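Below is the file target.cif, which contains mmCIF, C-alpha atoms.
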```cif
data_target
#
loop_
_atom_site.group_PDB
_atom_site.id
_atom_site.type_symbol
_atom_site.label_atom_id
_atom_site.label_comp_id
_atom_site.auth_asym_id
_atom_site.auth_seq_id
_atom_site.Cartn_x
_atom_site.Cartn_y
_atom_site.Cartn_z
ATOM 1 C CA MET A 842 9.237 -3.476 -30.341
ATOM 2 C CA SER A 843 7.348 -5.663 -32.817
ATOM 3 C CA SER A 844 3.579 -6.041 -32.615
ATOM 4 C CA LYS A 845 2.214 -9.316 -31.273
ATOM 5 C CA THR A 846 -0.867 -10.710 -32.979
ATOM 6 C CA LEU A 847 -1.372 -14.148 -31.417
ATOM 7 C CA GLU A 848 0.571 -14.059 -28.163
ATOM 8 C CA LYS A 849 -0.388 -11.552 -25.483
ATOM 9 C CA TYR A 850 2.147 -9.085 -24.181
ATOM 10 C CA GLN A 851 3.693 -9.904 -20.799
ATOM 11 C CA LEU A 852 4.836 -7.767 -17.883
ATOM 12 C CA SER A 853 8.397 -7.766 -19.209
ATOM 13 C CA ASP A 854 7.096 -6.252 -22.457
ATOM 14 C CA LEU A 855 5.303 -3.512 -20.555
ATOM 15 C CA LEU A 856 8.406 -2.642 -18.545
ATOM 16 C CA GLY A 857 10.402 -2.571 -21.777
ATOM 17 C CA VAL A 858 7.932 -0.176 -23.414
ATOM 18 C CA MET A 859 8.103 2.198 -20.447
ATOM 19 C CA SER A 860 11.893 2.077 -20.497
ATOM 20 C CA ALA A 861 11.848 2.941 -24.215
ATOM 21 C CA LEU A 862 9.437 5.828 -23.641
ATOM 22 C CA ARG A 863 11.820 7.260 -21.052
ATOM 23 C CA ASP A 864 14.941 6.841 -23.220
ATOM 24 C CA LYS A 865 16.629 10.244 -23.270
ATOM 25 C CA ASP A 866 17.698 9.921 -26.913
ATOM 26 C CA LYS A 867 14.860 8.069 -28.643
ATOM 27 C CA GLY A 868 11.979 8.281 -26.161
ATOM 28 C CA CYS A 869 8.787 10.312 -25.895
ATOM 29 C CA ALA A 870 9.488 13.970 -25.054
ATOM 30 C CA TRP A 871 6.487 14.204 -22.700
ATOM 31 C CA SER A 872 7.328 10.955 -20.889
ATOM 32 C CA ILE A 873 10.969 11.994 -20.437
ATOM 33 C CA GLU A 874 9.925 15.236 -18.715
ATOM 34 C CA GLN A 875 7.690 13.563 -16.127
ATOM 35 C CA THR A 876 8.572 13.267 -12.442
ATOM 36 C CA TRP A 877 6.867 11.631 -9.477
ATOM 37 C CA GLN A 878 5.419 15.025 -8.608
ATOM 38 C CA SER A 879 4.058 15.743 -12.094
ATOM 39 C CA LEU A 880 2.423 12.317 -12.311
ATOM 40 C CA THR A 881 0.334 12.601 -9.149
ATOM 41 C CA GLU A 882 -2.557 14.495 -10.756
ATOM 42 C CA HIS A 883 -2.771 11.868 -13.494
ATOM 43 C CA THR A 884 -2.700 9.055 -10.949
ATOM 44 C CA ILE A 885 -5.623 10.568 -9.054
ATOM 45 C CA GLU A 886 -7.531 11.081 -12.308
ATOM 46 C CA GLU A 887 -6.937 7.468 -13.408
ATOM 47 C CA ALA A 888 -8.118 6.129 -10.045
ATOM 48 C CA TYR A 889 -11.361 8.094 -10.312
ATOM 49 C CA GLU A 890 -11.881 6.995 -13.916
ATOM 50 C CA LEU A 891 -11.569 3.371 -12.788
ATOM 51 C CA VAL A 892 -14.194 3.917 -10.093
ATOM 52 C CA ASP A 893 -16.444 5.611 -12.664
ATOM 53 C CA ALA A 894 -16.085 2.639 -15.024
ATOM 54 C CA ILE A 895 -17.057 0.243 -12.250
ATOM 55 C CA GLU A 896 -20.034 2.265 -11.062
ATOM 56 C CA ASN A 897 -21.467 3.712 -14.266
ATOM 57 C CA HIS A 898 -20.785 1.401 -17.193
ATOM 58 C CA ALA A 899 -22.864 -1.674 -16.470
ATOM 59 C CA THR A 900 -23.410 -2.561 -20.136
ATOM 60 C CA ASP A 901 -19.731 -2.639 -21.095
ATOM 61 C CA ALA A 902 -18.169 -2.753 -17.647
ATOM 62 C CA VAL A 903 -15.727 -5.572 -18.375
ATOM 63 C CA ASP A 904 -13.888 -3.762 -21.170
ATOM 64 C CA ALA A 905 -14.146 -0.373 -19.473
ATOM 65 C CA VAL A 906 -12.732 -1.690 -16.197
ATOM 66 C CA LYS A 907 -9.970 -3.590 -18.018
ATOM 67 C CA TYR A 908 -8.758 -0.503 -19.858
ATOM 68 C CA GLU A 909 -8.999 1.754 -16.817
ATOM 69 C CA LEU A 910 -7.024 -0.794 -14.775
ATOM 70 C CA ALA A 911 -4.437 -0.718 -17.554
ATOM 71 C CA ASP A 912 -4.219 3.075 -17.259
ATOM 72 C CA LEU A 913 -3.791 2.796 -13.487
ATOM 73 C CA LEU A 914 -1.103 0.119 -13.854
ATOM 74 C CA ASN A 915 0.658 2.434 -16.300
ATOM 75 C CA GLN A 916 1.010 4.926 -13.471
ATOM 76 C CA VAL A 917 2.664 2.347 -11.210
ATOM 77 C CA VAL A 918 5.057 1.272 -13.982
ATOM 78 C CA PHE A 919 5.834 4.931 -14.703
ATOM 79 C CA TYR A 920 6.763 5.654 -11.071
ATOM 80 C CA ALA A 921 8.847 2.485 -10.949
ATOM 81 C CA GLN A 922 10.812 3.421 -14.084
ATOM 82 C CA ILE A 923 11.635 6.859 -12.708
ATOM 83 C CA ALA A 924 12.768 5.249 -9.441
ATOM 84 C CA LYS A 925 14.905 2.745 -11.341
ATOM 85 C CA GLU A 926 16.626 5.536 -13.278
ATOM 86 C CA GLN A 927 17.501 7.205 -9.974
ATOM 87 C CA ALA A 928 18.714 3.891 -8.478
ATOM 88 C CA LEU A 929 16.043 4.049 -5.753
ATOM 89 C CA PHE A 930 14.080 0.847 -6.482
ATOM 90 C CA ASP A 931 12.424 -0.902 -9.407
ATOM 91 C CA PHE A 932 9.162 -2.675 -10.242
ATOM 92 C CA LYS A 933 10.387 -5.941 -8.688
ATOM 93 C CA ASP A 934 10.869 -4.135 -5.377
ATOM 94 C CA ILE A 935 7.275 -2.899 -5.541
ATOM 95 C CA VAL A 936 6.021 -6.440 -6.162
ATOM 96 C CA ASP A 937 8.166 -7.718 -3.281
ATOM 97 C CA ALA A 938 6.884 -5.029 -0.897
ATOM 98 C CA LEU A 939 3.256 -5.732 -1.838
ATOM 99 C CA THR A 940 3.670 -9.498 -1.479
ATOM 100 C CA GLN A 941 5.274 -9.145 1.940
ATOM 101 C CA LYS A 942 2.537 -6.749 3.049
ATOM 102 C CA LEU A 943 -0.268 -9.094 1.942
ATOM 103 C CA ILE A 944 1.311 -12.071 3.706
ATOM 104 C CA VAL A 945 1.892 -10.147 6.948
ATOM 105 C CA ARG A 946 -1.598 -8.630 6.935
ATOM 106 C CA HIS A 947 -3.322 -11.998 6.385
ATOM 107 C CA PRO A 948 -2.116 -14.348 9.101
ATOM 108 C CA ASP A 949 -5.539 -16.003 8.855
ATOM 109 C CA VAL A 950 -4.417 -17.313 5.455
ATOM 110 C CA PHE A 951 -0.634 -17.569 5.579
ATOM 111 C CA ALA A 952 0.025 -18.286 9.276
ATOM 112 C CA LYS A 953 -1.619 -20.451 11.895
ATOM 113 C CA GLY A 954 -4.629 -18.203 12.314
ATOM 114 C CA ASN A 955 -8.036 -19.440 11.241
ATOM 115 C CA ILE A 956 -10.276 -16.414 11.649
ATOM 116 C CA LYS A 957 -13.396 -16.529 9.509
ATOM 117 C CA ASP A 958 -15.498 -13.868 11.238
ATOM 118 C CA VAL A 959 -15.377 -10.666 9.157
ATOM 119 C CA GLU A 960 -15.476 -8.288 12.149
ATOM 120 C CA ALA A 961 -12.671 -10.195 13.874
ATOM 121 C CA LEU A 962 -10.640 -9.995 10.668
ATOM 122 C CA GLU A 963 -11.189 -6.237 10.517
ATOM 123 C CA ARG A 964 -9.966 -5.862 14.131
ATOM 124 C CA GLN A 965 -6.923 -7.985 13.321
ATOM 125 C CA TRP A 966 -6.253 -5.899 10.186
ATOM 126 C CA LEU A 967 -6.360 -2.652 12.169
ATOM 127 C CA ASP A 968 -4.043 -4.086 14.808
ATOM 128 C CA ILE A 969 -1.520 -5.219 12.188
ATOM 129 C CA LYS A 970 -1.572 -1.828 10.438
ATOM 130 C CA ARG A 971 -1.094 -0.127 13.824
ATOM 131 C CA ARG A 972 2.012 -2.214 14.459
ATOM 132 C CA GLU A 973 3.295 -1.397 10.957
ATOM 133 C CA ARG A 974 2.971 2.332 11.613
ATOM 134 C CA GLY A 975 5.194 1.945 14.663
ATOM 135 C CA LYS A 976 5.402 4.509 17.432
ATOM 136 C CA LEU A 977 3.483 7.657 16.552
ATOM 137 C CA ASN A 978 2.401 10.660 18.562
ATOM 138 C CA SER A 979 -1.240 9.933 17.702
ATOM 139 C CA GLU A 980 -3.349 7.154 16.230
ATOM 140 C CA LEU A 981 -4.352 9.695 13.581
ATOM 141 C CA ASP A 982 -0.798 10.287 12.357
ATOM 142 C CA GLY A 983 -0.046 9.204 8.798
ATOM 143 C CA ILE A 984 -3.471 9.809 7.267
ATOM 144 C CA ALA A 985 -2.944 11.535 3.901
ATOM 145 C CA LEU A 986 -4.508 14.975 4.191
ATOM 146 C CA ASN A 987 -5.030 15.356 0.433
ATOM 147 C CA LEU A 988 -7.627 12.581 0.402
ATOM 148 C CA PRO A 989 -11.296 13.569 -0.066
ATOM 149 C CA ALA A 990 -12.646 14.993 3.195
ATOM 150 C CA LEU A 991 -15.281 12.269 3.638
ATOM 151 C CA THR A 992 -12.593 9.609 3.252
ATOM 152 C CA ILE A 993 -10.360 11.324 5.810
ATOM 153 C CA ALA A 994 -13.277 11.470 8.254
ATOM 154 C CA LYS A 995 -13.930 7.757 7.821
ATOM 155 C CA LYS A 996 -10.239 6.905 8.246
ATOM 156 C CA MET A 997 -9.978 8.972 11.420
ATOM 157 C CA GLN A 998 -13.099 7.369 12.859
ATOM 158 C CA THR A 999 -11.828 3.893 11.955
ATOM 159 C CA ARG A 1000 -8.480 4.587 13.639
ATOM 160 C CA ALA A 1001 -10.274 5.867 16.745
ATOM 161 C CA SER A 1002 -12.561 2.835 16.759
ATOM 162 C CA GLY A 1003 -9.507 0.564 16.630
ATOM 163 C CA VAL A 1004 -8.499 1.740 20.106
ATOM 164 C CA GLY A 1005 -12.028 1.625 21.522
ATOM 165 C CA PHE A 1006 -13.085 5.244 20.939
ATOM 166 C CA ASP A 1007 -16.413 4.608 19.231
ATOM 167 C CA TRP A 1008 -20.155 4.352 19.713
ATOM 168 C CA GLN A 1009 -21.153 0.857 20.806
ATOM 169 C CA ASN A 1010 -24.220 0.549 18.588
ATOM 170 C CA ILE A 1011 -25.952 2.296 15.719
ATOM 171 C CA GLU A 1012 -28.699 3.666 17.998
ATOM 172 C CA ASP A 1013 -26.051 5.782 19.751
ATOM 173 C CA VAL A 1014 -24.896 7.080 16.370
ATOM 174 C CA PHE A 1015 -28.459 8.135 15.529
ATOM 175 C CA THR A 1016 -28.749 9.878 18.894
ATOM 176 C CA LYS A 1017 -25.563 11.827 18.157
ATOM 177 C CA LEU A 1018 -26.841 12.650 14.660
ATOM 178 C CA GLU A 1019 -30.118 13.996 16.039
ATOM 179 C CA SER A 1020 -28.187 16.020 18.608
ATOM 180 C CA GLU A 1021 -26.097 17.622 15.867
ATOM 181 C CA VAL A 1022 -29.268 18.529 13.926
ATOM 182 C CA SER A 1023 -30.702 20.201 17.034
ATOM 183 C CA GLU A 1024 -27.497 22.149 17.637
ATOM 184 C CA LEU A 1025 -27.515 23.348 14.037
ATOM 185 C CA LYS A 1026 -31.127 24.508 14.287
ATOM 186 C CA GLU A 1027 -30.332 26.503 17.457
ATOM 187 C CA VAL A 1028 -27.757 28.702 15.740
ATOM 188 C CA LEU A 1029 -28.930 28.617 12.134
ATOM 189 C CA LEU A 1030 -30.713 31.982 12.033
ATOM 190 C CA HIS A 1031 -28.494 34.145 14.231
ATOM 191 C CA ASP A 1032 -24.891 32.908 13.966
ATOM 192 C CA GLN A 1033 -23.717 32.073 10.448
ATOM 193 C CA GLU A 1034 -20.180 31.110 11.471
ATOM 194 C CA LYS A 1035 -21.370 28.798 14.239
ATOM 195 C CA ALA A 1036 -24.004 27.324 11.917
ATOM 196 C CA GLN A 1037 -21.304 26.346 9.442
ATOM 197 C CA GLU A 1038 -19.284 24.726 12.215
ATOM 198 C CA GLU A 1039 -22.333 22.767 13.393
ATOM 199 C CA LEU A 1040 -23.070 21.711 9.824
ATOM 200 C CA GLY A 1041 -19.535 20.328 9.621
ATOM 201 C CA ASP A 1042 -20.178 18.345 12.814
ATOM 202 C CA LEU A 1043 -23.399 17.028 11.285
ATOM 203 C CA LEU A 1044 -21.567 15.861 8.150
ATOM 204 C CA PHE A 1045 -18.942 14.180 10.333
ATOM 205 C CA SER A 1046 -21.720 12.343 12.181
ATOM 206 C CA CYS A 1047 -23.218 11.267 8.846
ATOM 207 C CA VAL A 1048 -19.857 9.711 7.958
ATOM 208 C CA ASN A 1049 -19.950 7.911 11.301
ATOM 209 C CA LEU A 1050 -23.364 6.522 10.446
ATOM 210 C CA ALA A 1051 -22.123 5.358 7.054
ATOM 211 C CA ARG A 1052 -19.183 3.610 8.718
ATOM 212 C CA HIS A 1053 -21.473 1.793 11.170
ATOM 213 C CA LEU A 1054 -23.577 0.715 8.188
ATOM 214 C CA LYS A 1055 -20.394 -0.729 6.596
ATOM 215 C CA ALA A 1056 -20.731 1.774 3.749
ATOM 216 C CA ASP A 1057 -18.234 4.087 2.056
ATOM 217 C CA PRO A 1058 -19.410 7.713 2.458
ATOM 218 C CA GLU A 1059 -17.622 8.773 -0.737
ATOM 219 C CA ALA A 1060 -19.435 6.073 -2.724
ATOM 220 C CA LEU A 1061 -22.758 7.039 -1.134
ATOM 221 C CA MET A 1062 -22.170 10.688 -2.024
ATOM 222 C CA ARG A 1063 -21.356 9.765 -5.619
ATOM 223 C CA GLN A 1064 -24.565 7.715 -5.796
ATOM 224 C CA ALA A 1065 -26.567 10.629 -4.404
ATOM 225 C CA ASN A 1066 -24.965 13.003 -6.931
ATOM 226 C CA GLN A 1067 -25.776 10.647 -9.789
ATOM 227 C CA LYS A 1068 -29.366 10.239 -8.590
ATOM 228 C CA PHE A 1069 -29.842 14.008 -8.393
ATOM 229 C CA ALA A 1070 -28.330 14.515 -11.863
ATOM 230 C CA ARG A 1071 -30.518 11.778 -13.347
ATOM 231 C CA ARG A 1072 -33.727 13.218 -11.891
ATOM 232 C CA PHE A 1073 -32.778 16.814 -12.658
ATOM 233 C CA ARG A 1074 -32.089 15.942 -16.292
ATOM 234 C CA GLY A 1075 -35.439 14.162 -16.339
ATOM 235 C CA VAL A 1076 -37.223 17.307 -15.207
ATOM 236 C CA GLU A 1077 -35.338 19.325 -17.829
ATOM 237 C CA ALA A 1078 -36.333 16.847 -20.529
ATOM 238 C CA ALA A 1079 -39.986 16.942 -19.456
ATOM 239 C CA LEU A 1080 -40.038 20.727 -19.658
ATOM 240 C CA LYS A 1081 -38.148 20.778 -22.947
ATOM 241 C CA SER A 1082 -40.786 18.502 -24.497
ATOM 242 C CA GLN A 1083 -43.292 21.269 -23.678
ATOM 243 C CA ASP A 1084 -41.003 24.030 -24.981
ATOM 244 C CA ARG A 1085 -40.553 25.338 -21.443
ATOM 245 C CA SER A 1086 -37.571 26.030 -19.186
ATOM 246 C CA MET A 1087 -37.107 25.889 -15.443
ATOM 247 C CA LEU A 1088 -36.903 29.666 -15.262
ATOM 248 C CA GLU A 1089 -40.435 29.785 -16.663
ATOM 249 C CA THR A 1090 -41.831 27.213 -14.213
ATOM 250 C CA ASP A 1091 -43.011 27.862 -10.661
ATOM 251 C CA ALA A 1092 -41.798 25.923 -7.632
ATOM 252 C CA ASP A 1093 -44.964 23.835 -7.253
ATOM 253 C CA GLU A 1094 -44.759 22.582 -10.823
ATOM 254 C CA LEU A 1095 -41.057 21.804 -10.463
ATOM 255 C CA SER A 1096 -41.794 19.846 -7.305
ATOM 256 C CA ARG A 1097 -44.524 17.889 -9.108
ATOM 257 C CA LEU A 1098 -42.205 17.026 -12.002
ATOM 258 C CA TRP A 1099 -39.510 15.990 -9.555
ATOM 259 C CA GLY A 1100 -42.002 13.677 -7.872
ATOM 260 C CA LEU A 1101 -42.813 12.113 -11.228
ATOM 261 C CA GLN A 1102 -39.113 11.426 -11.787
ATOM 262 C CA LYS A 1103 -38.902 9.681 -8.408
ATOM 263 C CA GLN A 1104 -41.990 7.589 -9.186
ATOM 264 C CA ALA A 1105 -40.564 6.604 -12.565
ATOM 265 C CA GLU A 1106 -37.531 5.097 -10.869
#
```
Rewritten as C-alpha cells:
Amino acid sequence: MSSKTLEKYQLSDLLGVMSALRDKDKGCAWSIEQTWQSLTEHTIEEAYELVDAIENHATDAVDAVKYELADLLNQVVFYAQIAKEQALFDFKDIVDALTQKLIVRHPDVFAKGNIKDVEALERQWLDIKRRERGKLNSELDGIALNLPALTIAKKMQTRASGVGFDWQNIEDVFTKLESEVSELKEVLLHDQEKAQEELGDLLFSCVNLARHLKADPEALMRQANQKFARRFRGVEAALKSQDRSMLETDADELSRLWGLQKQAE
C-alpha cells in the first residue's frame, strides 16, 4: 500500500492494512498468530493507556488521546478481521450493531421522546438495557466478573437501584458508611478474618457513596493513587536534597514533610 502525503487515510485503508497483516503468505507472523483470546490482554492495556492519556497528559493531551484512540480502534479492527476470516461477521456488522444500539437506547433523540432531565434519562437507559438483557435469573446476571472490583460493585449497585433497591438519599448512605466503620472497629483487634470481611463491606459502602455523588470509584481511586505518589515523591525529593533517606528519618519528621507537600498543592 502506497504512502499518502496529502490525503488522509480512510477506514477502507485501515481495513485493507489489517487484512494484509493477517495474510497467511505475505503478512506479519505475529499478527497471523493472534486470536480473540490472545488479544484480550492487549485490549485491556490499550483501554487503560487511553484513560491514562486523558487523565495525566494535560500539556499534550490532544495528540496523546488521538494516538491511544488509534491503538484502541486497532483492537476492534483486529477482532473484526479475525471474525471475517472465520465467516462470523465483519467490521460493517459491528458498525451496524452499534448504530442500532445507539438508536434504540436514545428514544429521546431518535423517537418521539423529549426527555431532557439527566436523571430521567438515566432511568430510561437502565430500563432499555434491562429489556435488552431479556429474561435473566437475576438483575445482576451478565456483569463481566473480570472487570475491576470497584467497577463491578458500582455496576451491581446501579442494577439494584434500577429496580428500587437503593438508599433514598445521601444521608442514608453516610449512615450506612458510619455503621460499617463501627462494625469494623468492633472486630478489628480480636477477629482478623471478620475484620477483613467488614473492611470489604466498608469499601462496598464507599463505592455506594461515590455512585450517589455521580462519581466513578475507579477514577477516584486512580486520582488518590496519583496524589499519594506525587506527595510521596515530594517527600523523597526533600530528603534527597538534604542527603537523607526515609529510613534515616523519624515518623514526626516524615509527617511534617508530608504536611509541607499538602500545603504546597
Taking 5 positions as the minimum chain separation for residues in the same chain, which residues sit within 10 Å of A:Thr999 when counting only C-alpha atoms? Answer as an MDAnalysis selection string. chainID A and resid 967 981 993:994 1004:1007 1049 1052:1053
Would you export the selected residues with C-alpha atoms as an mmCIF file, in the coordinates of the input, please?
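out.cif, written as the output of this step:
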```
data_model
loop_
_atom_site.group_PDB
_atom_site.id
_atom_site.type_symbol
_atom_site.label_atom_id
_atom_site.label_comp_id
_atom_site.auth_asym_id
_atom_site.auth_seq_id
_atom_site.Cartn_x
_atom_site.Cartn_y
_atom_site.Cartn_z
ATOM 1 C CA LEU A 967 -6.360 -2.652 12.169
ATOM 2 C CA LEU A 981 -4.352 9.695 13.581
ATOM 3 C CA ILE A 993 -10.360 11.324 5.810
ATOM 4 C CA ALA A 994 -13.277 11.470 8.254
ATOM 5 C CA VAL A 1004 -8.499 1.740 20.106
ATOM 6 C CA GLY A 1005 -12.028 1.625 21.522
ATOM 7 C CA PHE A 1006 -13.085 5.244 20.939
ATOM 8 C CA ASP A 1007 -16.413 4.608 19.231
ATOM 9 C CA ASN A 1049 -19.950 7.911 11.301
ATOM 10 C CA ARG A 1052 -19.183 3.610 8.718
ATOM 11 C CA HIS A 1053 -21.473 1.793 11.170
#
```
Using only C-alpha atoms, determine which residues lie at most 10 Å from A:Phe1015, disregarding the query and same-chain residues fewer than 5 positions distant; provide the list as a VMD selection string. chain A and resid 1010 1020 to 1021 1046 to 1047 1049 to 1050
Please measure the separation of atom CA of A:Val903 and atom CA of A:Val918, giving the value in Å to one decimal.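 Taking atom CA of A:Val903 as the start and atom CA of A:Val918 as the end point, the length is 22.3 Å.
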When you count all atoms listed in the file, which of these residues is closest to A:Ile895: A:Ala1060, A:Leu1018, A:Ile984, A:Ala1079? A:Ala1060
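Our summary of the geometry notes that atom CA of A:Val892 is positioned 15.1 Å from atom CA of A:Leu988.
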Nearest to A:Arg971 among A:Pro948, A:Gly1003, A:Pro989, A:Gly868, with distances taken over all atoms listed in the file: which residue is it? A:Gly1003
Which one of A:Glu886, A:Lys865, A:Gly1041, A:Glu980 sits closest to A:Ala1001 if you count only C-alpha atoms? A:Glu980
Length of the atom CA of A:Thr884 to atom CA of A:Leu913 vector [Å]: 6.8 Å
Residue by residue, what does the PyMOL selection byres ((chain A and resi 1024) around 10) grab here? Present the result as a list in words.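 Matching residues under the PyMOL selection byres ((chain A and resi 1024) around 10) are Leu1018, Glu1019, Ser1020, Glu1021, Val1022, Ser1023, Leu1025, Lys1026, Glu1027, Val1028, Leu1029, Lys1035, Ala1036, Glu1039, Leu1040, Asp1042 and Leu1043 of chain A.
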Written as an mmCIF file with C-alpha atoms, in the coordinates of the input, what is the full residue list that the PyMOL selection byres ((chain A and resi 946) around 9) yields on the file shown?
```cif
data_model
loop_
_atom_site.group_PDB
_atom_site.id
_atom_site.type_symbol
_atom_site.label_atom_id
_atom_site.label_comp_id
_atom_site.auth_asym_id
_atom_site.auth_seq_id
_atom_site.Cartn_x
_atom_site.Cartn_y
_atom_site.Cartn_z
ATOM 1 C CA GLN A 941 5.274 -9.145 1.940
ATOM 2 C CA LYS A 942 2.537 -6.749 3.049
ATOM 3 C CA LEU A 943 -0.268 -9.094 1.942
ATOM 4 C CA ILE A 944 1.311 -12.071 3.706
ATOM 5 C CA VAL A 945 1.892 -10.147 6.948
ATOM 6 C CA HIS A 947 -3.322 -11.998 6.385
ATOM 7 C CA PRO A 948 -2.116 -14.348 9.101
ATOM 8 C CA ASP A 949 -5.539 -16.003 8.855
ATOM 9 C CA GLN A 965 -6.923 -7.985 13.321
ATOM 10 C CA TRP A 966 -6.253 -5.899 10.186
ATOM 11 C CA ILE A 969 -1.520 -5.219 12.188
ATOM 12 C CA LYS A 970 -1.572 -1.828 10.438
#
```
List the spatial neighbours of A:Arg1072 as a list in words - criterion: any atom at most 9 Å away, all atoms listed in the file, same-chain residues fewer than 6 positions off excluded. Trp1099, Gln1102 and Lys1103 of chain A
If we count all atoms listed in the file, what is near stretch 1062-1069 of chain A at a cut-off of 10 Å, once residues fewer than 5 positions away on the same chain are taken out, given as a list of chain:residue names?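 Near stretch 1062-1069 of chain A, the qualifying residues are A:Asp893, A:Glu896, A:Asn897, A:Leu991, A:Asp1057, A:Arg1074, A:Gly1075, A:Trp1099, A:Lys1103, A:Glu1106.
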So which one's closest to A:Ile885, A:Leu977, A:Val906, A:Val917, A:Ala938? Using all atoms listed in the file, please.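 With all atoms listed in the file as the atom set, the closest residue is A:Val917.
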Take the PyMOL selection byres ((chain A and resi 851-859) around 12), apply it to the structure above, and return the hits as a PyMOL selection string. chain A and resi 842-845+848-850+860-864+867-869+872-873+911+914-923+925-926+931-933+936
Out of A:Ala961, A:Val1048, A:Ala924, A:Val1076, which residue has the shortest atom-to-atom distance to A:Glu1094 when counting all atoms listed in the file?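 The closest residue to A:Glu1094 is A:Val1076.
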